[in-house]
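Notes follow once the structure below has been shown.
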2 protein chains.
Amino acid sequence: MAALVDNVPNVNNNAAILESGNESNGVIQALLTDQYQITMAYAYWKSSKQDCRAVFDLFFRKNPFRGEFTIFAGLGECLKFLKGFKFTDSDIVYLRTVLPPSIEVEFLDYLKSLDCSRIELYAIPEGSVVFPREPLLRIEGPLPLVQLLETTLLNLVNYASLVATNAARFRLAAGPNKQLLEFGLRRAQGPDGGLSASKYSYMGGFDGTSNVLAGKLFNIPLKGTNAHSLIMAFSRFDDLKKKMIQPKDKSKECVDLAAISLTYLTKVCKLFNITATHQGELAAFIAFALAFPQSFLILVDTYDVLKSGIANFCAVALALNEVGYQSVGIRIDSGDLAYQSVKIRDTFKTVGNEFGLPWFKDQTIVASNDINEDTLLSLKQQGNSIDAFGIGTHLVTCQRQPALGCVFKLVQIDDTPRIKLSHDIEKVTLPGRKQIFRLYGADGFAIADLMAQVHEPSPALHEEVLCRHPFEELTRVNVQPSRVEHLHKIFMKDGQICQPLPTLTEIRAYVQHGIRSIRPDIKRELNPTPYKVSVSSNLYNFLHDLWQESLPIGLLR
Amino acid sequence: MAALVDNVPNVNNNAAILESGNESNGVIQALLTDQYQITMAYAYWKSSKQDCRAVFDLFFRKNPFRGEFTIFAGLGECLKFLKGFKFTDSDIVYLRTVLPPSIEVEFLDYLKSLDCSRIELYAIPEGSVVFPREPLLRIEGPLPLVQLLETTLLNLVNYASLVATNAARFRLAAGPNKQLLEFGLRRAQGPDGGLSASKYSYMGGFDGTSNVLAGKLFNIPLKGTNAHSLIMAFSRFDDLKKKMIQPKDKSKECVDLAAISLTYLTKVCKLFNITATHQGELAAFIAFALAFPQSFLILVDTYDVLKSGIANFCAVALALNEVGYQSVGIRIDSGDLAYQSVKIRDTFKTVGNEFGLPWFKDQTIVASNDINEDTLLSLKQQGNSIDAFGIGTHLVTCQRQPALGCVFKLVQIDDTPRIKLSHDIEKVTLPGRKQIFRLYGADGFAIADLMAQVHEPSPALHEEVLCRHPFEELTRVNVQPSRVEHLHKIFMKDGQICQPLPTLTEIRAYVQHGIRSIRPDIKRELNPTPYKVSVSSNLYNFLHDLWQESLPIGLLR
């Protein structure tokens, strides 16, 4: 398939762009938090708990989109936030105006002194396939400080992971050979919602974005075609003021592309038994071809796809061919996409045969118009000749489920593990510092994840290890792993980032690598099999002992 | 109802904060657009159309949330964007790397020279109640420039209007006397999604936000309580290290709040026949009361609302009362909110009677936990004693419909009107420059909106004016207005903002004012009546003549 109108910027030659890629969004700052984090921090400080070492887990309870897997994203942004965490003088001035006047002024000095130099962060690498209850982040540090970080970390992980997961699902639905283009900026939830969507869609498996700023900031390939307004800007053939084109062979004289196009249009109309096409549309196509002779791709559904748009496109494409340029393709944005794409491919074949141009049948067909995961699956099932999908609203707003419910729970203070009890077992937390092992079978697929206390040794290769359901006593299985992966890595120690951070392109490849290691039945759209997230015997006993101890026994009398 | 833990910042005394309120988000810039806007701009430029004067309308086709009205928001941000519109040198360097090499370098100079000094913007004032097809913005200027503005303007209006409308609907569902607090930052679509949500929820009728940065930037009242982690940070009574409090009367000696609370706890437990409450929870409550004696409001559902949380709260509140402080209330975040709130109110009454404290029955009850519009309506129907709702996910991600479909359509170039045809009548555009009149009846309610060509005179008071459906020939009605409002105002001329811009608080009041002018049957949640959006006879004829002229007549033979 020919490339769309695009060009990957060569950032290595461009220091200015590389620098801008490292900029964090200005609104990601210490004050981007809930007010109650600050009041709680004050209560801890007032109770002399400011040096208690707290351990919090950040995790979700349910995979999004009725699915059974999630892609973890947002870690890079979290690390940038932690590294720069600091209340400014103006923040302190503001806080003084909104906190009760009884607040001790020394607390504001304490806030001003805070940074992440006493923070340790363990995390699963960004782009990993993850599952419910697994601590995506385990963050340790002074209790009031870690409390203050909660909201921002949740904000940075929730939407990033949601969009990356959505994009990965769209990629699974479309199959590996279709181009997926993110066109969602105009419908995104705010300007930064649009930027994040572009970044994390690309991470999750999209091929490019229409968002120019995202291209610049994150080095994502830019993709795009044109809109109906371009076509509508030409209402008659006379609206075309310039007509001459320099053939690709620079030694040749300029020729009249409009005149050549008209000649071909007569032939094409005769070939397909068409009376007349829209002449404003033809003028717009010629104008666009004059502007982009080497990457001519145009929207053909403004008036009538088969009776006007495609005939006009073929005429201009054939004219371009005569002066040495190979056109790229068309976009359709309405109607029955599967049916039209097949008809259009037939037209391309007929034209290719008629004019002796074997490449013509492979012109790119881009489809857009409110496409979601279900549409992609349905189009695959119907059969279609679409090469690339432009996807906006459903991708970036995650229409099927617009929020991921990550939570941030206290699991230990100093040496004491904490458990959050609930009548709803789903909401009971796993206490203490935990590590996670992913156990792989001989076929290369992941069999189960095993959470254990941090002091437990790694399961041995080819030896049986008991994997228990955290709450169902009799749900357990022995696994004999062929490979064991330790999911947590330390990413921040003493406030310093202590892992090399992969590039966006590397994370994107890592996502696909991870998805391939998950069995197909776990990834399917309809009734997927839940993946096993288990705990070690040791962690099971620890959890249940603490639970029993914390839950007072009722008294009947 | 007593105030929550909050404090409106007195920004008039604080120049630093006022200034920061004028900052635009750094990502709102010329490059925050779709790539195809730039390729189309090039095609226009290449076709010598750079001085064509284009008129575009920004409008939506369908009200969101199965409703029949929308609140228009985002205009202030659009104006800031237009005022600052400029490609930087680094943008041009980047664009050169991503556009095809055949692009003429003079085009990049042209881009660099662009600003909004030739732009005129007509708009409906921010915060207005608006309806489908109405141009929220009518923007006029050089064709390539206005084309370049499309994506950013759509992005700034779409989410802002969606959230403001959602908030206004939540306000209608809750009724005027409940406090509505936005708690959505952690689940918002990105950091800026969170900030925009806070701003436009407040505009739409919420009373405050938990988002501290939004409080600082937009001068929105901050609200909040505390989280389960505060309660879990105290597992035993011994975890309470500080116990002394200075009574409100500063001449008195410090006393042991913990000891007084324990005394009251015994009495409260006896009163309600409770064996024992959770002692870690009690310790946490005392710690929080020591930190915030004047604004004590606490989360009571960590262990058991009625058997532990409320009893502990009452004990600490009574202890605080003894040293001169009046507690504020409680929050519940799980379970049956209606039932619990009624039970809790009963408890407050009983305690108030028992201890001779008439104000005690009026303690604030805050409820949260995945609340949406349906929950609010259902709670109202069931009856409840909740004073304030904390609302997050459903509000900020607009779960019922996470995107508003505003579009940006070309309606005129120079003196020629443009019409976008479509098999789908809903998608046919209204050509040419239009104005909108809102016609009010004698009862003060709006009867209909009337779109007319810009040169038409305003309908006269108390005289009949024919209002026609734009597409259904026989759907028409005469209206005799008691008041006529001209909805469009000019907001930008020659690149300068030419209307005084209201403050967020003023727009918030304007929203409620507008909503009151709409009949209740149009605002109801179930099967609301559509509001009449009509066109003048003149515009009707103009539209249909142009339509006939543009649509070629088929030929049967």
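Chains: A, B, ... in order of the structure tokens. Residues: from 1 per chain. Ligands: from 1, in order shown.
Within the 10 Å cut-off around Leu111 of chain A, using only C-alpha atoms and omitting residues fewer than 5 positions from it on the same chain, the listed residues are Ile38, Ala41, Tyr42, Lys86, Phe87, Thr88, Asp91, Ile92, Glu106, Pro144, Leu145 and Leu148 of chain A.
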Export of the given selection (C-alpha atoms) as an mmCIF file, in the first residue's frame:
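Once written, again.cif looks like this:
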data_model
loop_
_atom_site.group_PDB
_atom_site.id
_atom_site.type_symbol
_atom_site.label_atom_id
_atom_site.label_comp_id
_atom_site.auth_asym_id
_atom_site.auth_seq_id
_atom_site.Cartn_x
_atom_site.Cartn_y
_atom_site.Cartn_z
ATOM 1 C CA ILE A 38 -3.844 18.912 51.390
ATOM 2 C CA ALA A 41 -1.551 16.049 54.728
ATOM 3 C CA TYR A 42 -2.155 18.702 57.371
ATOM 4 C CA LYS A 86 7.464 21.276 44.204
ATOM 5 C CA PHE A 87 5.021 23.830 45.559
ATOM 6 C CA THR A 88 5.855 27.319 44.254
ATOM 7 C CA ASP A 91 0.991 28.060 45.331
ATOM 8 C CA ILE A 92 1.708 28.669 49.004
ATOM 9 C CA GLU A 106 4.793 25.970 59.877
ATOM 10 C CA PRO A 144 1.724 13.239 53.826
ATOM 11 C CA LEU A 145 3.829 13.515 50.671
ATOM 12 C CA LEU A 148 -0.420 14.564 48.091
#
* To do: Write out as a VMD selection string each polymer residue whose atoms come within 7 Å of segment 398-407 of chain A, counting only C-alpha atoms; drop sequence neighbours fewer than 5 positions from it.
  => (chain A and resid 58 to 60 64 to 65 154 158 to 159 162 to 163 166) or (chain B and resid 187 393 397 399 402)
* To do: Identify, with DSSP run on backbone atoms, the residues in segment 376-521 of chain B assigned to strand (DSSP E or B), and express the list as a PyMOL selection string.
  => chain B and resi 388-391+407-413+416-417+434-440+446-453+465-468+476-479+483-486+489-493+496-497
Restrict the selected residues to N, CA and C atoms and save them as a compact mmCIF listing (two decimals), in the first residue's frame.
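What ended up in out-v3.txt:
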# COMPACT_ATOMS: atom_id res chain seq x y z
N ALA B 388 -25.36 17.59 50.11
CA ALA B 388 -24.38 17.91 49.07
C ALA B 388 -23.94 16.62 48.39
N PHE B 389 -23.71 16.71 47.09
CA PHE B 389 -23.24 15.56 46.33
C PHE B 389 -21.83 15.83 45.80
N GLY B 390 -20.95 14.87 45.98
CA GLY B 390 -19.63 14.92 45.36
C GLY B 390 -19.67 14.06 44.12
N ILE B 391 -19.43 14.65 42.97
CA ILE B 391 -19.64 13.94 41.70
C ILE B 391 -18.38 13.99 40.85
N VAL B 407 -19.55 20.82 14.39
CA VAL B 407 -18.89 20.83 13.10
C VAL B 407 -18.65 22.27 12.67
N PHE B 408 -17.86 22.44 11.63
CA PHE B 408 -17.39 23.75 11.19
C PHE B 408 -17.56 23.75 9.69
N LYS B 409 -18.55 24.48 9.20
CA LYS B 409 -18.91 24.34 7.79
C LYS B 409 -18.81 25.67 7.05
N LEU B 410 -18.28 25.57 5.85
CA LEU B 410 -18.17 26.71 4.95
C LEU B 410 -19.57 27.11 4.47
N VAL B 411 -19.95 28.37 4.65
CA VAL B 411 -21.28 28.80 4.20
C VAL B 411 -21.23 29.89 3.14
N GLN B 412 -20.07 30.49 2.96
CA GLN B 412 -19.97 31.52 1.93
C GLN B 412 -18.51 31.77 1.59
N ILE B 413 -18.21 32.02 0.31
CA ILE B 413 -16.89 32.52 -0.08
C ILE B 413 -17.12 33.78 -0.90
N THR B 416 -20.43 34.48 -2.77
CA THR B 416 -21.18 33.30 -3.17
C THR B 416 -21.50 32.40 -1.97
N PRO B 417 -22.78 32.18 -1.71
CA PRO B 417 -23.13 31.27 -0.61
C PRO B 417 -22.78 29.82 -0.98
N LYS B 434 -25.84 34.34 8.51
CA LYS B 434 -27.14 34.30 9.19
C LYS B 434 -27.10 34.99 10.55
N GLN B 435 -28.25 35.48 10.97
CA GLN B 435 -28.39 35.99 12.33
C GLN B 435 -29.48 35.17 13.02
N ILE B 436 -29.53 35.24 14.35
CA ILE B 436 -30.52 34.45 15.10
C ILE B 436 -31.28 35.35 16.06
N PHE B 437 -32.60 35.24 16.02
CA PHE B 437 -33.45 35.95 16.99
C PHE B 437 -34.11 34.94 17.92
N ARG B 438 -34.10 35.25 19.20
CA ARG B 438 -34.89 34.43 20.14
C ARG B 438 -36.17 35.19 20.44
N LEU B 439 -37.31 34.51 20.21
CA LEU B 439 -38.61 35.16 20.38
C LEU B 439 -39.25 34.68 21.68
N TYR B 440 -39.59 35.62 22.55
CA TYR B 440 -40.16 35.29 23.85
C TYR B 440 -41.65 35.56 23.87
N ALA B 446 -39.07 31.44 26.29
CA ALA B 446 -38.72 31.51 24.87
C ALA B 446 -39.68 30.62 24.09
N ILE B 447 -40.19 31.14 22.96
CA ILE B 447 -41.12 30.37 22.13
C ILE B 447 -40.37 29.64 21.01
N ALA B 448 -39.48 30.37 20.35
CA ALA B 448 -38.77 29.79 19.21
C ALA B 448 -37.55 30.63 18.91
N ASP B 449 -36.56 30.01 18.23
CA ASP B 449 -35.45 30.77 17.67
C ASP B 449 -35.69 30.89 16.18
N LEU B 450 -35.35 32.05 15.63
CA LEU B 450 -35.58 32.32 14.22
C LEU B 450 -34.26 32.73 13.57
N MET B 451 -33.80 31.89 12.61
CA MET B 451 -32.60 32.28 11.87
C MET B 451 -33.02 33.02 10.61
N ALA B 452 -32.28 34.07 10.29
CA ALA B 452 -32.61 34.88 9.12
C ALA B 452 -31.30 35.30 8.46
N GLN B 453 -31.39 35.76 7.23
CA GLN B 453 -30.19 36.30 6.60
C GLN B 453 -29.78 37.59 7.31
N VAL B 465 -44.67 37.06 13.02
CA VAL B 465 -43.56 36.74 12.12
C VAL B 465 -43.66 35.24 11.84
N LEU B 466 -43.49 34.88 10.56
CA LEU B 466 -43.61 33.48 10.17
C LEU B 466 -42.30 32.74 10.46
N CYS B 467 -42.41 31.65 11.21
CA CYS B 467 -41.25 30.83 11.53
C CYS B 467 -41.42 29.49 10.82
N ARG B 468 -40.47 29.16 9.94
CA ARG B 468 -40.61 27.95 9.13
C ARG B 468 -39.58 26.92 9.54
N ARG B 476 -44.76 25.12 10.00
CA ARG B 476 -44.53 26.56 10.12
C ARG B 476 -45.56 27.12 11.09
N VAL B 477 -45.23 28.26 11.66
CA VAL B 477 -46.09 28.84 12.67
C VAL B 477 -45.84 30.35 12.71
N ASN B 478 -46.88 31.11 13.02
CA ASN B 478 -46.68 32.53 13.25
C ASN B 478 -46.42 32.77 14.73
N VAL B 479 -45.45 33.62 15.02
CA VAL B 479 -45.13 33.95 16.40
C VAL B 479 -45.30 35.46 16.57
N ARG B 483 -40.95 39.74 23.36
CA ARG B 483 -39.57 40.24 23.49
C ARG B 483 -38.76 39.54 22.42
N VAL B 484 -37.82 40.25 21.84
CA VAL B 484 -36.95 39.69 20.81
C VAL B 484 -35.50 39.90 21.24
N GLU B 485 -34.73 38.81 21.25
CA GLU B 485 -33.32 38.91 21.64
C GLU B 485 -32.47 38.58 20.41
N HIS B 486 -31.54 39.43 20.13
CA HIS B 486 -30.63 39.18 19.01
C HIS B 486 -29.46 38.37 19.58
N LYS B 489 -23.54 38.41 18.74
CA LYS B 489 -22.84 39.67 19.00
C LYS B 489 -21.49 39.58 18.30
N ILE B 490 -20.93 40.71 17.94
CA ILE B 490 -19.59 40.65 17.35
C ILE B 490 -18.57 40.64 18.49
N PHE B 491 -17.72 39.63 18.50
CA PHE B 491 -16.75 39.47 19.59
C PHE B 491 -15.32 39.81 19.15
N MET B 492 -15.06 39.69 17.83
CA MET B 492 -13.72 40.05 17.36
C MET B 492 -13.84 40.77 16.03
N LYS B 493 -13.13 41.89 15.92
CA LYS B 493 -13.08 42.64 14.66
C LYS B 493 -11.64 43.05 14.46
N GLN B 496 -9.16 42.16 17.10
CA GLN B 496 -9.28 42.67 18.46
C GLN B 496 -10.58 42.19 19.10
N ILE B 497 -10.50 41.81 20.35
CA ILE B 497 -11.71 41.43 21.09
C ILE B 497 -12.52 42.70 21.33
* **8 Å contact set for Ala311 of chain A, only C-alpha atoms, chain neighbours under 3 positions out, as a list in words** =>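 Within the cut-off, the hits are Leu265, Val268, Cys269, Thr277, Leu306, Lys307, Ser308, Cys314 and Ala315 of chain A.
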* **Exercise: segment 362-366 of chain B partners within 10 Å, only C-alpha atoms, chain neighbours under 6 positions left out, as a PyMOL selection string** => chain B and resi 1-4+178-181+224-225+297-299+326-333+337+340-342+344-345+348-349+352+385-390
* Asked: Near segment 121-135 of chain A, within 8 Å and counting only C-alpha atoms, which residues show up once chain neighbours fewer than 4 positions away are dropped, as a ChimeraX atom specification?
  -> /A:57-63,68-76,139-140,203-204,434,436,451,487-493,507-508,510-511,514-515,531,533
* **Nearby residues (only C-alpha atoms) at most 9 Å from Ile220 of chain B, same-chain spacing under 5 positions excluded, as number ranges by chain** => B: 8-9, 198-199, 202, 207-209, 212, 214-215, 504-505
Restricted to C-alpha atoms, what would the selected residues look like written as an mmCIF file, in the first residue's frame?
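The result, written out as selection_4.cif:
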data_model
loop_
_atom_site.group_PDB
_atom_site.id
_atom_site.type_symbol
_atom_site.label_atom_id
_atom_site.label_comp_id
_atom_site.auth_asym_id
_atom_site.auth_seq_id
_atom_site.Cartn_x
_atom_site.Cartn_y
_atom_site.Cartn_z
ATOM 1 C CA VAL B 8 -13.373 31.316 48.528
ATOM 2 C CA PRO B 9 -10.016 32.907 47.808
ATOM 3 C CA SER B 198 -13.801 21.910 36.898
ATOM 4 C CA LYS B 199 -14.207 25.217 35.093
ATOM 5 C CA TYR B 202 -18.858 25.406 37.795
ATOM 6 C CA ASP B 207 -20.952 25.004 43.586
ATOM 7 C CA GLY B 208 -17.312 24.072 43.836
ATOM 8 C CA THR B 209 -14.497 21.729 42.945
ATOM 9 C CA VAL B 212 -6.907 22.927 43.750
ATOM 10 C CA ALA B 214 -8.739 24.947 39.106
ATOM 11 C CA GLY B 215 -9.466 26.862 42.292
ATOM 12 C CA LEU B 504 -16.762 32.944 35.153
ATOM 13 C CA THR B 505 -19.135 33.819 37.995
#
* Give the answer as one residue: which of A:Leu149, A:Ile119, A:Ala188, A:Ile425 has the shortest atom-to-atom distance to Tyr36 of chain A, using only C-alpha atoms? => A:Leu149
With only C-alpha atoms as the counted atoms, please give the residues lying no more than 9 Å from His278 of chain B, apart from itself and same-chain residues fewer than 6 positions off, as a JSON list (two decimals) with N, CA and C atoms, in the first residue's frame.
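Result file part.json:
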[["chain", "number", "residue", "atom", "x", "y", "z"],
["A", 552, "PRO", "N", -13.77, -7.30, 63.40],
["A", 552, "PRO", "CA", -14.26, -7.74, 64.71],
["A", 552, "PRO", "C", -15.35, -8.81, 64.52],
["B", 235, "SER", "N", -4.65, 2.59, 62.86],
["B", 235, "SER", "CA", -5.30, 1.29, 63.00],
["B", 235, "SER", "C", -5.75, 1.03, 64.44],
["B", 236, "ARG", "N", -5.10, 1.67, 65.40],
["B", 236, "ARG", "CA", -5.48, 1.50, 66.81],
["B", 236, "ARG", "C", -5.64, 2.87, 67.47],
["B", 237, "PHE", "N", -6.26, 2.90, 68.62],
["B", 237, "PHE", "CA", -6.41, 4.18, 69.31],
["B", 237, "PHE", "C", -5.04, 4.76, 69.67],
["B", 303, "TYR", "N", -15.60, 1.56, 57.95],
["B", 303, "TYR", "CA", -15.87, 0.26, 58.57],
["B", 303, "TYR", "C", -17.36, -0.05, 58.52],
["B", 304, "ASP", "N", -18.17, 0.71, 59.24],
["B", 304, "ASP", "CA", -19.62, 0.48, 59.24],
["B", 304, "ASP", "C", -20.28, 1.81, 59.58],
["B", 307, "LYS", "N", -22.94, 1.61, 62.68],
["B", 307, "LYS", "CA", -22.46, 1.00, 63.92],
["B", 307, "LYS", "C", -21.13, 1.55, 64.39],
["B", 308, "SER", "N", -20.38, 2.20, 63.49],
["B", 308, "SER", "CA", -19.08, 2.71, 63.90],
["B", 308, "SER", "C", -18.91, 4.19, 63.53],
["B", 309, "GLY", "N", -18.98, 4.48, 62.26],
["B", 309, "GLY", "CA", -18.63, 5.83, 61.78],
["B", 309, "GLY", "C", -19.45, 6.94, 62.40],
["B", 312, "ASN", "N", -18.77, 7.31, 66.19],
["B", 312, "ASN", "CA", -17.48, 7.98, 66.41],
["B", 312, "ASN", "C", -17.57, 9.48, 66.07]]
* **Which of A:Gly141, A:Phe107, A:Phe234, A:Lys46 sits closest to Asp414 of chain B [using only C-alpha atoms]** => A:Phe234
* Asked: Quick one, how far is atom CA of Val27 of chain B from atom CA of Pro191 of chain A?
  -> 6.8 Å
* as a VMD selection string, please: all residues of segment 203-370 of chain B that backbone DSSP puts in helix (DSSP H, G or I). => chain B and resid 203 to 204 212 to 218 228 to 232 237 to 239 257 to 272 279 to 291 305 to 322 337 to 355 358 to 362
* Which is closest to chain B among A:Tyr325, A:Phe542, A:Phe183, A:Phe296, if we use only C-alpha atoms? -> A:Phe183
* Kindly indicate which residue among B:Pro502, B:Pro457, B:Pro101, B:Pro221 lies nearest to Phe206 of chain B, using only C-alpha atoms for the distances. =>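 Closest residue, counting only C-alpha atoms: B:Pro221.
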* Nearest residue to chain B from the set A:Thr429, A:Ser251, A:Thr350, A:Gln381 (distances using only C-alpha atoms) ->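 Selected residue with least distance to chain B: A:Thr429.
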